[in-house]
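These notes are about the structure you will find just below.
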Amino acid sequence: MNKNDIFANSTIKDCRIITLMRNSHENGSLSVVENNGSIPFDIKRVYYLYDIPGDAERGGHAHCENQSLIIAVSGCFTVILNDGKEIATFILNRPYNALYVPAGLWREIKDFSSGSTCLVLTSDTYSEDDYVRNFNEFLSLTAPKRDFK
Ligand code: TYD
């Protein structure tokens with residue numbers, strides 16, 4: 001699909017929480033994400049946000065092709081997703097819950113608890129060309145949803 005088609009067809013309904021495998025003992029817990037068909041894409045990149053001030057807001061962009069899994073590996077934060085027509089809010093506070101974010105959605109991440117770490121697993125390597133960072137551009141790319149549905 002080209003960029004216009006991706007943004008015209010992206011939907012909040014494709015977002016979901018994927019519950020990861022949990023291996024829990026009295027001496028600690030372990031969760032795994034692997035390319036074994038349990039997640040919607042093969043992982044090509046891992047990055048993480050840390051040392052985040054409580055009043056910080058991250059994100060503020062959409063991706064043309066890149067898909068993500070977002071995990072609160074420690075602490076808690078809020079992810080707000082917008083498909084140009086509908087908005088969904090997810091509070092992530094469990095290291096075994098991964099939020100799947102398909103391409104074509106505007107994302108904002110905020111309300112970080114002290115010491116929280118936001119782990120992001122992605123379908124593509126980093127490319128600034130894949131970003132839409134201007135909200136007005138996002139609104140025009142998603143206009144077909146509001147015009148015809
Ligand atoms: P950005 O994706 O805007 O962060 P967030 O969505 O968390 O607010 O990235 C912040 C900066 O880091 C930006 O200058 C691009 C750079 N960056 C990389 O160089 N490689 C990466 O894999 C990522 C995610 C960001």
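Following the order of the structure tokens, chains are lettered A, B, ..., residues in each are numbered from 1, and ligands are numbered from 1.
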Quick one: which chain A residues come within 7 Å of ligand 1, and what is the nearest atom pair for each with the distance in Å to one decimal, counting only C-alpha atoms and all ligand atoms, rows ordered by chain and ascending number, as a Markdown table?
```
| residue | atom | partner | partner_atom_place_in_ligand_line | distance |
| --- | --- | --- | --- | --- |
| A:Tyr47 | CA | ligand 1 | 22 (O) | 6.1 |
| A:Leu49 | CA | ligand 1 | 7 (O) | 6.5 |
| A:Arg58 | CA | ligand 1 | 8 (O) | 3.7 |
| A:Gly59 | CA | ligand 1 | 6 (O) | 3.4 |
| A:Gly60 | CA | ligand 1 | 6 (O) | 6.5 |
| A:His61 | CA | ligand 1 | 6 (O) | 6.8 |
| A:Thr125 | CA | ligand 1 | 22 (O) | 6.9 |
| A:Tyr126 | CA | ligand 1 | 22 (O) | 4.6 |
```
For the residues in the current selection, export C-alpha atoms as a PDB file, in the first residue's frame.
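Resulting contents of again-v3.pdb:
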```pdb
ATOM      1  CA  TYR A  47      14.720   1.136  21.407  1.00  0.00           C
ATOM      2  CA  LEU A  49      12.870   5.624  26.541  1.00  0.00           C
ATOM      3  CA  ARG A  58       6.793  11.753  23.753  1.00  0.00           C
ATOM      4  CA  GLY A  59       5.607  10.627  20.359  1.00  0.00           C
ATOM      5  CA  GLY A  60       3.714  13.356  18.566  1.00  0.00           C
ATOM      6  CA  HIS A  61       4.049  11.611  15.225  1.00  0.00           C
ATOM      7  CA  THR A 125      15.024   0.078  11.048  1.00  0.00           C
ATOM      8  CA  TYR A 126      15.062   3.810  11.784  1.00  0.00           C
TER       9      TYR A 126
END
```
Would you pick out the contacts of segment 100-102 of chain A at 10 Å or less, using only C-alpha atoms, so that residues sharing its chain but fewer than 6 positions from it are not included, and give the list as a PDB file with C-alpha atoms, in the first residue's frame?
```pdb
ATOM      1  CA  ILE A   6      -2.127   3.406   4.591  1.00  0.00           C
ATOM      2  CA  SER A  10      -5.482   2.758   9.244  1.00  0.00           C
ATOM      3  CA  THR A  11      -7.839   2.128  12.131  1.00  0.00           C
ATOM      4  CA  ILE A  12      -7.705   2.171  15.873  1.00  0.00           C
ATOM      5  CA  LYS A  13      -9.535  -1.171  15.744  1.00  0.00           C
ATOM      6  CA  ASP A  14      -6.285  -2.856  14.670  1.00  0.00           C
ATOM      7  CA  CYS A  15      -4.572  -1.831  17.924  1.00  0.00           C
ATOM      8  CA  ARG A  16      -4.598  -4.366  20.673  1.00  0.00           C
ATOM      9  CA  ILE A  17      -2.889  -5.490  23.831  1.00  0.00           C
ATOM     10  CA  ILE A  18      -0.902  -8.673  23.279  1.00  0.00           C
ATOM     11  CA  ILE A  39       3.269 -10.929  17.180  1.00  0.00           C
ATOM     12  CA  PRO A  40       2.082  -9.318  13.906  1.00  0.00           C
ATOM     13  CA  PHE A  41       5.542  -8.494  12.466  1.00  0.00           C
ATOM     14  CA  ALA A  62       2.733   8.855  12.974  1.00  0.00           C
ATOM     15  CA  HIS A  63       4.550   6.269  10.872  1.00  0.00           C
ATOM     16  CA  CYS A  64       3.913   5.496   7.218  1.00  0.00           C
ATOM     17  CA  GLU A  65       4.968   1.850   7.365  1.00  0.00           C
ATOM     18  CA  ASN A  66       6.647   1.106  10.669  1.00  0.00           C
ATOM     19  CA  GLN A  67       4.662  -1.024  13.116  1.00  0.00           C
ATOM     20  CA  SER A  68       5.432  -1.077  16.843  1.00  0.00           C
ATOM     21  CA  LEU A  69       4.946  -2.956  20.051  1.00  0.00           C
ATOM     22  CA  ILE A  70       5.109  -0.684  23.100  1.00  0.00           C
ATOM     23  CA  ILE A  71       5.795  -2.182  26.523  1.00  0.00           C
ATOM     24  CA  LEU A  81      -3.627   6.665  19.546  1.00  0.00           C
ATOM     25  CA  VAL A 120       9.530  -0.190  21.728  1.00  0.00           C
ATOM     26  CA  LEU A 121       9.980  -3.079  19.293  1.00  0.00           C
ATOM     27  CA  THR A 122       9.558  -2.151  15.643  1.00  0.00           C
ATOM     28  CA  SER A 123       9.101  -3.735  12.233  1.00  0.00           C
TER      29      SER A 123
END
```
Apply DSSP to the backbone of this structure and, from chain A, keep only the residues in alpha helix (DSSP H); write these as a CSV table (one decimal) with N, CA, C and O atoms, in the first residue's frame.
```csv
chain,number,residue,atom,x,y,z
A,3,LYS,N,1.5,5.4,0.8
A,3,LYS,CA,1.3,6.2,2.0
A,3,LYS,C,-0.1,6.7,2.1
A,3,LYS,O,-0.7,6.6,3.2
A,4,ASN,N,-0.7,7.2,1.1
A,4,ASN,CA,-2.1,7.7,1.1
A,4,ASN,C,-3.1,6.6,1.5
A,4,ASN,O,-4.0,6.8,2.3
A,5,ASP,N,-2.9,5.4,0.9
A,5,ASP,CA,-3.7,4.3,1.3
A,5,ASP,C,-3.6,3.8,2.7
A,5,ASP,O,-4.6,3.5,3.4
A,6,ILE,N,-2.4,3.8,3.2
A,6,ILE,CA,-2.1,3.4,4.6
A,6,ILE,C,-2.9,4.3,5.5
A,6,ILE,O,-3.6,3.9,6.4
A,7,PHE,N,-2.7,5.6,5.3
A,7,PHE,CA,-3.4,6.6,6.3
A,7,PHE,C,-4.9,6.6,6.0
A,7,PHE,O,-5.6,6.9,7.0
A,8,ALA,N,-5.3,6.4,4.8
A,8,ALA,CA,-6.8,6.4,4.6
A,8,ALA,C,-7.5,5.2,5.2
A,8,ALA,O,-8.7,5.2,5.5
A,9,ASN,N,-6.7,4.1,5.4
A,9,ASN,CA,-7.3,2.8,5.9
A,9,ASN,C,-6.9,2.4,7.3
A,9,ASN,O,-7.4,1.5,7.8
A,135,PHE,N,1.0,17.5,12.5
A,135,PHE,CA,-0.4,17.0,12.8
A,135,PHE,C,-1.3,17.4,11.7
A,135,PHE,O,-2.3,16.6,11.3
A,136,ASN,N,-1.1,18.6,11.1
A,136,ASN,CA,-2.0,19.0,10.0
A,136,ASN,C,-1.8,18.1,8.7
A,136,ASN,O,-2.8,17.8,8.0
A,137,GLU,N,-0.6,17.6,8.5
A,137,GLU,CA,-0.3,16.7,7.4
A,137,GLU,C,-1.1,15.3,7.7
A,137,GLU,O,-1.7,14.8,6.9
A,138,PHE,N,-1.0,14.9,9.0
A,138,PHE,CA,-1.7,13.7,9.4
A,138,PHE,C,-3.2,13.8,9.2
A,138,PHE,O,-3.8,12.9,8.6
A,139,LEU,N,-3.7,15.0,9.5
A,139,LEU,CA,-5.2,15.2,9.3
A,139,LEU,C,-5.5,15.2,7.8
A,139,LEU,O,-6.6,14.6,7.5
A,140,SER,N,-4.7,15.7,7.0
A,140,SER,CA,-5.1,15.7,5.6
A,140,SER,C,-4.9,14.3,5.0
A,140,SER,O,-5.7,13.8,4.2
A,141,LEU,N,-3.9,13.5,5.5
A,141,LEU,CA,-3.7,12.1,5.0
A,141,LEU,C,-4.9,11.3,5.4
A,141,LEU,O,-5.2,10.3,4.7
A,143,ALA,N,-8.0,12.4,6.0
A,143,ALA,CA,-9.3,13.1,5.6
A,143,ALA,C,-10.3,12.1,5.0
A,143,ALA,O,-11.5,12.2,5.3
A,144,PRO,N,-9.8,11.2,4.1
A,144,PRO,CA,-10.8,10.3,3.5
A,144,PRO,C,-11.7,9.6,4.4
A,144,PRO,O,-12.9,9.3,4.2
A,145,LYS,N,-11.2,9.2,5.6
A,145,LYS,CA,-12.0,8.5,6.6
A,145,LYS,C,-13.2,9.4,7.1
A,145,LYS,O,-14.3,8.9,7.3
A,146,ARG,N,-12.9,10.6,7.3
A,146,ARG,CA,-13.9,11.6,7.8
A,146,ARG,C,-14.9,12.0,6.7
A,146,ARG,O,-16.1,12.2,7.0
A,147,ASP,N,-14.4,12.0,5.4
A,147,ASP,CA,-15.3,12.4,4.3
A,147,ASP,C,-16.3,11.3,3.9
A,147,ASP,O,-17.4,11.7,3.6
A,148,PHE,N,-15.9,10.0,4.0
A,148,PHE,CA,-16.7,9.0,3.3
A,148,PHE,C,-17.2,8.0,4.3
A,148,PHE,O,-17.9,7.1,3.8
```
For this session: Would you please give, as a PyMOL selection string, all residues of chain A that DSSP assigns to strand (DSSP E or B) based on the backbone?
Result: chain A and resi 16-19+21-25+28-32+45-49+58-63+68-74+77-82+87-92+97-101+106-110+117-122+131-132
For this session: Calculate how many Å separate atom CA of Leu119 of chain A from atom CA of Thr78 of chain A, rounding to one decimal.
Result: 13.2 Å
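In this comparison, which uses only C-alpha atoms, the residue of A:Arg133, A:Arg94, A:Lys85, A:Arg45 approaching Glu108 of chain A most closely is A:Arg133.
Atom CA of Ser31 of chain A to atom CA of Phe90 of chain A spans 20.0 Å [interatomic distance, one decimal].
Proximity to Arg22 of chain A at 12 Å, evaluated using only C-alpha atoms and with sequence-adjacent residues fewer than 5 positions away removed, yields Gly28, Ser29, Leu30, Ser31, Val32, Val33, Arg94, Pro95, Tyr96 and Asn97 of chain A.
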Using only C-alpha atoms, which residues sit within 9 Å of Ser114 of chain A once same-chain residues fewer than 2 positions away are excluded, as an mmCIF file with all heavy atoms, in the first residue's frame?
```cif
data_model
loop_
_atom_site.group_PDB
_atom_site.id
_atom_site.type_symbol
_atom_site.label_atom_id
_atom_site.label_comp_id
_atom_site.auth_asym_id
_atom_site.auth_seq_id
_atom_site.Cartn_x
_atom_site.Cartn_y
_atom_site.Cartn_z
ATOM 1 N N ASP A 51 14.796 7.769 31.810
ATOM 2 C CA ASP A 51 15.102 9.097 32.382
ATOM 3 C C ASP A 51 14.065 10.115 31.926
ATOM 4 O O ASP A 51 14.388 11.245 31.545
ATOM 5 C CB ASP A 51 16.497 9.587 31.957
ATOM 6 C CG ASP A 51 17.631 8.805 32.604
ATOM 7 O OD1 ASP A 51 17.348 8.054 33.562
ATOM 8 O OD2 ASP A 51 18.777 8.936 32.143
ATOM 9 N N ILE A 52 12.805 9.719 31.940
ATOM 10 C CA ILE A 52 11.744 10.552 31.366
ATOM 11 C C ILE A 52 11.124 11.406 32.475
ATOM 12 O O ILE A 52 10.590 10.857 33.453
ATOM 13 C CB ILE A 52 10.641 9.668 30.739
ATOM 14 C CG1 ILE A 52 11.266 8.592 29.845
ATOM 15 C CG2 ILE A 52 9.653 10.522 29.951
ATOM 16 C CD1 ILE A 52 10.358 7.416 29.586
ATOM 17 N N PRO A 53 11.172 12.729 32.344
ATOM 18 C CA PRO A 53 10.509 13.561 33.357
ATOM 19 C C PRO A 53 9.009 13.289 33.379
ATOM 20 O O PRO A 53 8.408 12.984 32.337
ATOM 21 C CB PRO A 53 10.793 14.987 32.873
ATOM 22 C CG PRO A 53 11.916 14.877 31.899
ATOM 23 C CD PRO A 53 11.818 13.508 31.295
ATOM 24 N N GLY A 54 8.403 13.382 34.551
ATOM 25 C CA GLY A 54 6.977 13.068 34.712
ATOM 26 C C GLY A 54 6.066 13.909 33.832
ATOM 27 O O GLY A 54 4.992 13.462 33.440
ATOM 28 N N GLY A 75 7.337 0.668 35.507
ATOM 29 C CA GLY A 75 6.500 1.836 35.733
ATOM 30 C C GLY A 75 5.253 1.837 34.869
ATOM 31 O O GLY A 75 4.761 0.784 34.440
ATOM 32 N N CYS A 76 4.800 3.043 34.595
ATOM 33 C CA CYS A 76 3.473 3.217 33.991
ATOM 34 C C CYS A 76 3.492 4.462 33.105
ATOM 35 O O CYS A 76 4.181 5.441 33.416
ATOM 36 C CB CYS A 76 2.491 3.394 35.150
ATOM 37 S SG CYS A 76 0.825 3.837 34.671
ATOM 38 N N PHE A 112 4.205 9.712 32.420
ATOM 39 C CA PHE A 112 5.214 8.723 32.816
ATOM 40 C C PHE A 112 5.392 8.726 34.330
ATOM 41 O O PHE A 112 5.601 9.784 34.934
ATOM 42 C CB PHE A 112 6.556 9.055 32.158
ATOM 43 C CG PHE A 112 6.570 8.868 30.664
ATOM 44 C CD1 PHE A 112 6.232 9.914 29.819
ATOM 45 C CD2 PHE A 112 6.907 7.636 30.117
ATOM 46 C CE1 PHE A 112 6.251 9.751 28.435
ATOM 47 C CE2 PHE A 112 6.923 7.462 28.733
ATOM 48 C CZ PHE A 112 6.594 8.519 27.896
ATOM 49 N N SER A 116 10.036 5.099 35.044
ATOM 50 C CA SER A 116 9.442 4.199 34.050
ATOM 51 C C SER A 116 10.361 4.046 32.834
ATOM 52 O O SER A 116 11.150 4.929 32.512
ATOM 53 C CB SER A 116 8.060 4.692 33.617
ATOM 54 O OG SER A 116 8.135 5.986 33.105
#
```
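Compared by their closest atoms to Ala72 of chain A, and using only C-alpha atoms, the residues A:Met1, A:Ile91, A:Ala103, A:Cys118 rank with A:Cys118 nearest.
Residue nearest Ile80 of chain A within the list A:Asp111, A:Asp130, A:Asp42, A:Glu34: A:Asp111 [criterion: smallest interatomic distance, only C-alpha atoms].
Between atom CA of Asp129 of chain A and atom CA of Leu105 of chain A there is a distance of 15.5 Å.
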